[in-house]
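Asker: I am attaching a structure below and will ask some questions about it afterwards.
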Amino acid sequence: MDSNTIAILVSFLSLAIAGASLGWNIYRDVVLKPRAKVSVTRIVLVPPHAPNSTNLKISAVNHGPGTIRLNIIRFKNATRSQRIRRKWTHGILNHDWENPLSGQLPKSLEVGEAIDLLFPWTDDNLFLRRPTHVGIMDSFGRTHWCSRKDVIKTQESWDEDFGPASA
């Protein structure tokens, strides 16, 4: 190989490394944002026979990378045909400011930190509206939705306590 061929190969190799570096930086800064894992469930606080011992709990855990700021609880509802036509009913849920055991929004979470938001388990809360999705919106405007299985399981607990006629 002559020196011109070696110089061209080194130039192409450095171009490939620079392209990979640029691609990684774009991915890291634009695409790779912190993600929160959200869940919803019914819990019973100890002692179980105290007033307001049963609560609706919405939890969020930061799975990273980096810090995430959670701002508001969202829900949406739609039948199967409305989902196909993208006709959602949206809403927000104000958290309980008076409950000392409940976390408060807005909240910044480091990687691995969690927040638990508690609501009274009464027939006038969120599950009266029968949501299909429950989530928490972050400061980027993205909503981190809990799994559909969690929502269905909590609605079944709701039906056991208050009956399906209240839906």
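Every chain in the structure tokens takes a letter, A first, then B, and so on in the order presented; its residues are numbered from 1, and the ligands are numbered from 1 following the presented order.
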Apply DSSP to the structure's backbone, then extract all residues of segment 31-109 of chain A labelled strand (DSSP E) and return them as a PyMOL selection string.
Answerer: chain A and resi 35-44+54-64+68-77+89-93+107-109
Asker: As a short mmCIF file (atom, residue, chain, number, x, y, z; two decimals) with C-alpha atoms, in the first residue's frame, please: the residues near segment 139-150 of chain A (cut-off 8 Å, only C-alpha atoms, same-chain neighbours under 5 positions excluded).
Answerer:
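Listed below is the output, out_34.cif:
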data_model
loop_
_atom_site.label_atom_id
_atom_site.label_comp_id
_atom_site.auth_asym_id
_atom_site.auth_seq_id
_atom_site.Cartn_x
_atom_site.Cartn_y
_atom_site.Cartn_z
CA ARG A 35 -38.55 7.77 32.16
CA ALA A 36 -40.89 7.16 35.07
CA LYS A 37 -42.64 3.87 35.83
CA VAL A 38 -46.16 4.65 37.06
CA SER A 39 -48.54 2.30 38.87
CA VAL A 40 -51.99 2.63 40.42
CA THR A 41 -53.52 0.40 43.10
CA ILE A 68 -37.20 14.02 36.15
CA ARG A 69 -39.73 16.59 37.37
CA LEU A 70 -43.29 15.28 37.70
CA ASN A 71 -46.00 17.92 37.57
CA ARG A 74 -53.60 12.91 34.05
CA THR A 132 -58.77 3.71 30.56
CA HIS A 133 -55.38 5.35 31.24
CA VAL A 134 -53.82 6.97 34.33
#
Asker: In Å, rounded to a single decimal, give me how far atom CA of Asp161 of chain A is from atom CA of Asn55 of chain A.
Answerer: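 For atom CA of Asn55 of chain A relative to atom CA of Asp161 of chain A, the distance reads 12.0 Å.
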Asker: Report the residues of segment 10-117 of chain A whose backbone DSSP state falls under helix (DSSP H, G or I), written as a list in words.
Answerer: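 Here are the helix (DSSP H, G or I) residues of segment 10-117 of chain A: Val10, Ser11, Phe12, Leu13, Ser14, Leu15, Ala16, Ile17, Ala18, Gly19, Ala20, Ser21, Leu22, Gly23, Trp24, Asn25, Ile26, Tyr27, Arg28, Asp29, Val30, Val31, Arg80, Ser81, Gln82, Arg83 and Ile84 of chain A.
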Asker: Write a file of the selected residues as a PDB file, in the first residue's frame, keeping N, CA and C atoms.
Answerer:
ATOM      1  N   VAL A  10      -7.349   6.126   6.671  1.00  0.00           N
ATOM      2  CA  VAL A  10      -7.369   6.805   7.977  1.00  0.00           C
ATOM      3  C   VAL A  10      -8.420   7.908   7.972  1.00  0.00           C
ATOM      4  N   SER A  11      -8.581   8.607   6.867  1.00  0.00           N
ATOM      5  CA  SER A  11      -9.597   9.667   6.774  1.00  0.00           C
ATOM      6  C   SER A  11     -11.003   9.079   6.882  1.00  0.00           C
ATOM      7  N   PHE A  12     -11.262   7.971   6.187  1.00  0.00           N
ATOM      8  CA  PHE A  12     -12.580   7.337   6.268  1.00  0.00           C
ATOM      9  C   PHE A  12     -12.848   6.780   7.668  1.00  0.00           C
ATOM     10  N   LEU A  13     -11.813   6.223   8.299  1.00  0.00           N
ATOM     11  CA  LEU A  13     -11.971   5.721   9.663  1.00  0.00           C
ATOM     12  C   LEU A  13     -12.294   6.865  10.626  1.00  0.00           C
ATOM     13  N   SER A  14     -11.601   7.987  10.503  1.00  0.00           N
ATOM     14  CA  SER A  14     -11.883   9.125  11.378  1.00  0.00           C
ATOM     15  C   SER A  14     -13.266   9.712  11.080  1.00  0.00           C
ATOM     16  N   LEU A  15     -13.716   9.686   9.824  1.00  0.00           N
ATOM     17  CA  LEU A  15     -15.058  10.139   9.471  1.00  0.00           C
ATOM     18  C   LEU A  15     -16.125   9.242  10.101  1.00  0.00           C
ATOM     19  N   ALA A  16     -15.898   7.922  10.090  1.00  0.00           N
ATOM     20  CA  ALA A  16     -16.844   6.989  10.709  1.00  0.00           C
ATOM     21  C   ALA A  16     -16.922   7.194  12.218  1.00  0.00           C
ATOM     22  N   ILE A  17     -15.779   7.393  12.866  1.00  0.00           N
ATOM     23  CA  ILE A  17     -15.761   7.633  14.315  1.00  0.00           C
ATOM     24  C   ILE A  17     -16.472   8.951  14.645  1.00  0.00           C
ATOM     25  N   ALA A  18     -16.227   9.998  13.866  1.00  0.00           N
ATOM     26  CA  ALA A  18     -16.890  11.288  14.096  1.00  0.00           C
ATOM     27  C   ALA A  18     -18.399  11.169  13.883  1.00  0.00           C
ATOM     28  N   GLY A  19     -18.816  10.411  12.860  1.00  0.00           N
ATOM     29  CA  GLY A  19     -20.250  10.199  12.619  1.00  0.00           C
ATOM     30  C   GLY A  19     -20.915   9.449  13.752  1.00  0.00           C
ATOM     31  N   ALA A  20     -20.243   8.408  14.266  1.00  0.00           N
ATOM     32  CA  ALA A  20     -20.791   7.659  15.401  1.00  0.00           C
ATOM     33  C   ALA A  20     -20.881   8.533  16.641  1.00  0.00           C
ATOM     34  N   SER A  21     -19.883   9.368  16.863  1.00  0.00           N
ATOM     35  CA  SER A  21     -19.897  10.272  18.006  1.00  0.00           C
ATOM     36  C   SER A  21     -21.031  11.285  17.888  1.00  0.00           C
ATOM     37  N   LEU A  22     -21.218  11.841  16.702  1.00  0.00           N
ATOM     38  CA  LEU A  22     -22.317  12.784  16.481  1.00  0.00           C
ATOM     39  C   LEU A  22     -23.669  12.103  16.695  1.00  0.00           C
ATOM     40  N   GLY A  23     -23.814  10.897  16.173  1.00  0.00           N
ATOM     41  CA  GLY A  23     -25.064  10.151  16.365  1.00  0.00           C
ATOM     42  C   GLY A  23     -25.363   9.888  17.830  1.00  0.00           C
ATOM     43  N   TRP A  24     -24.348   9.481  18.589  1.00  0.00           N
ATOM     44  CA  TRP A  24     -24.546   9.237  20.013  1.00  0.00           C
ATOM     45  C   TRP A  24     -24.931  10.506  20.750  1.00  0.00           C
ATOM     46  N   ASN A  25     -24.286  11.632  20.447  1.00  0.00           N
ATOM     47  CA  ASN A  25     -24.606  12.887  21.117  1.00  0.00           C
ATOM     48  C   ASN A  25     -26.033  13.337  20.815  1.00  0.00           C
ATOM     49  N   ILE A  26     -26.467  13.179  19.573  1.00  0.00           N
ATOM     50  CA  ILE A  26     -27.858  13.524  19.232  1.00  0.00           C
ATOM     51  C   ILE A  26     -28.818  12.612  19.973  1.00  0.00           C
ATOM     52  N   TYR A  27     -28.551  11.314  19.980  1.00  0.00           N
ATOM     53  CA  TYR A  27     -29.414  10.367  20.699  1.00  0.00           C
ATOM     54  C   TYR A  27     -29.467  10.701  22.185  1.00  0.00           C
ATOM     55  N   ARG A  28     -28.325  10.957  22.808  1.00  0.00           N
ATOM     56  CA  ARG A  28     -28.264  11.230  24.240  1.00  0.00           C
ATOM     57  C   ARG A  28     -29.000  12.509  24.611  1.00  0.00           C
ATOM     58  N   ASP A  29     -28.854  13.564  23.798  1.00  0.00           N
ATOM     59  CA  ASP A  29     -29.427  14.856  24.147  1.00  0.00           C
ATOM     60  C   ASP A  29     -30.866  15.040  23.690  1.00  0.00           C
ATOM     61  N   VAL A  30     -31.283  14.358  22.635  1.00  0.00           N
ATOM     62  CA  VAL A  30     -32.613  14.572  22.082  1.00  0.00           C
ATOM     63  C   VAL A  30     -33.562  13.420  22.421  1.00  0.00           C
ATOM     64  N   VAL A  31     -33.137  12.197  22.255  1.00  0.00           N
ATOM     65  CA  VAL A  31     -34.022  11.047  22.388  1.00  0.00           C
ATOM     66  C   VAL A  31     -34.033  10.489  23.806  1.00  0.00           C
ATOM     67  N   ARG A  80     -63.530   1.512  22.889  1.00  0.00           N
ATOM     68  CA  ARG A  80     -62.673   0.957  21.842  1.00  0.00           C
ATOM     69  C   ARG A  80     -62.859   1.694  20.518  1.00  0.00           C
ATOM     70  N   SER A  81     -64.096   2.012  20.160  1.00  0.00           N
ATOM     71  CA  SER A  81     -64.329   2.729  18.900  1.00  0.00           C
ATOM     72  C   SER A  81     -63.801   4.164  18.979  1.00  0.00           C
ATOM     73  N   GLN A  82     -63.879   4.784  20.147  1.00  0.00           N
ATOM     74  CA  GLN A  82     -63.338   6.132  20.293  1.00  0.00           C
ATOM     75  C   GLN A  82     -61.813   6.118  20.202  1.00  0.00           C
ATOM     76  N   ARG A  83     -61.171   5.051  20.677  1.00  0.00           N
ATOM     77  CA  ARG A  83     -59.715   4.950  20.564  1.00  0.00           C
ATOM     78  C   ARG A  83     -59.279   4.871  19.112  1.00  0.00           C
ATOM     79  N   ILE A  84     -60.024   4.138  18.298  1.00  0.00           N
ATOM     80  CA  ILE A  84     -59.693   4.018  16.878  1.00  0.00           C
ATOM     81  C   ILE A  84     -59.804   5.372  16.195  1.00  0.00           C
TER      82      ILE A  84
END
Asker: Could you check the closest approach to Pro164 of chain A for each of A:Ala78, A:Trp97, A:Ser108, A:Asp123 and tell me which residue wins, using only C-alpha atoms?
Answerer: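 Counting only C-alpha atoms, the residue closest to Pro164 of chain A is A:Asp123.
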Asker: My list of candidates is A:Arg130, A:His63, A:Arg42, A:Lys33. Which is closest to His90 of chain A when distances are computed with only C-alpha atoms?
Answerer: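 Comparing A:Arg130, A:His63, A:Arg42, A:Lys33 against His90 of chain A, the winner is A:Arg130.
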Asker: Within 8 Å of Val111 of chain A, counting only C-alpha atoms, which residues qualify if same-chain residues fewer than 5 places away don't, as a PyMOL selection string?
Answerer: chain A and resi 62-67
Asker: Excluding same-chain residues fewer than 2 positions from Pro120 of chain A, what lies within 10 Å of it counting only C-alpha atoms, as a ChimeraX atom specification?
Answerer: /A:42,52-57,96,99,118,122-125
Asker: Can you write out the residues you just picked, keeping N, CA and C atoms, as an mmCIF file, in the first residue's frame?
Answerer:
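Now in result35.cif:
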data_model
loop_
_atom_site.group_PDB
_atom_site.id
_atom_site.type_symbol
_atom_site.label_atom_id
_atom_site.label_comp_id
_atom_site.auth_asym_id
_atom_site.auth_seq_id
_atom_site.Cartn_x
_atom_site.Cartn_y
_atom_site.Cartn_z
ATOM 1 N N ARG A 42 -55.041 -0.013 44.918
ATOM 2 C CA ARG A 42 -55.738 0.270 46.164
ATOM 3 C C ARG A 42 -54.909 -0.295 47.301
ATOM 4 N N ASN A 52 -60.609 6.374 56.943
ATOM 5 C CA ASN A 52 -59.765 6.697 55.796
ATOM 6 C C ASN A 52 -58.525 5.806 55.702
ATOM 7 N N SER A 53 -58.649 4.542 56.096
ATOM 8 C CA SER A 53 -57.503 3.643 56.014
ATOM 9 C C SER A 53 -57.324 3.069 54.615
ATOM 10 N N THR A 54 -58.373 3.050 53.799
ATOM 11 C CA THR A 54 -58.269 2.559 52.434
ATOM 12 C C THR A 54 -58.033 3.745 51.513
ATOM 13 N N ASN A 55 -57.018 3.623 50.649
ATOM 14 C CA ASN A 55 -56.623 4.724 49.776
ATOM 15 C C ASN A 55 -56.341 4.232 48.371
ATOM 16 N N LEU A 56 -56.475 5.139 47.425
ATOM 17 C CA LEU A 56 -56.006 4.937 46.062
ATOM 18 C C LEU A 56 -54.581 5.458 46.024
ATOM 19 N N LYS A 57 -53.639 4.639 45.541
ATOM 20 C CA LYS A 57 -52.235 5.043 45.509
ATOM 21 C C LYS A 57 -51.741 5.074 44.067
ATOM 22 N N ASP A 96 -54.197 15.195 46.931
ATOM 23 C CA ASP A 96 -54.675 15.551 48.268
ATOM 24 C C ASP A 96 -53.584 16.321 49.009
ATOM 25 N N ASN A 99 -53.286 15.402 53.116
ATOM 26 C CA ASN A 99 -52.836 14.110 53.616
ATOM 27 C C ASN A 99 -51.324 14.171 53.880
ATOM 28 N N LEU A 118 -51.416 9.612 47.548
ATOM 29 C CA LEU A 118 -52.564 8.920 48.144
ATOM 30 C C LEU A 118 -53.823 9.758 47.999
ATOM 31 N N THR A 122 -63.019 6.822 48.092
ATOM 32 C CA THR A 122 -64.442 7.146 48.208
ATOM 33 C C THR A 122 -65.070 7.068 46.829
ATOM 34 N N ASP A 123 -66.395 7.030 46.794
ATOM 35 C CA ASP A 123 -67.073 6.856 45.504
ATOM 36 C C ASP A 123 -67.113 8.123 44.651
ATOM 37 N N ASP A 124 -66.471 9.204 45.074
ATOM 38 C CA ASP A 124 -66.451 10.418 44.246
ATOM 39 C C ASP A 124 -65.063 10.722 43.686
ATOM 40 N N ASN A 125 -64.158 9.754 43.684
ATOM 41 C CA ASN A 125 -62.814 10.031 43.163
ATOM 42 C C ASN A 125 -62.682 9.613 41.705
#
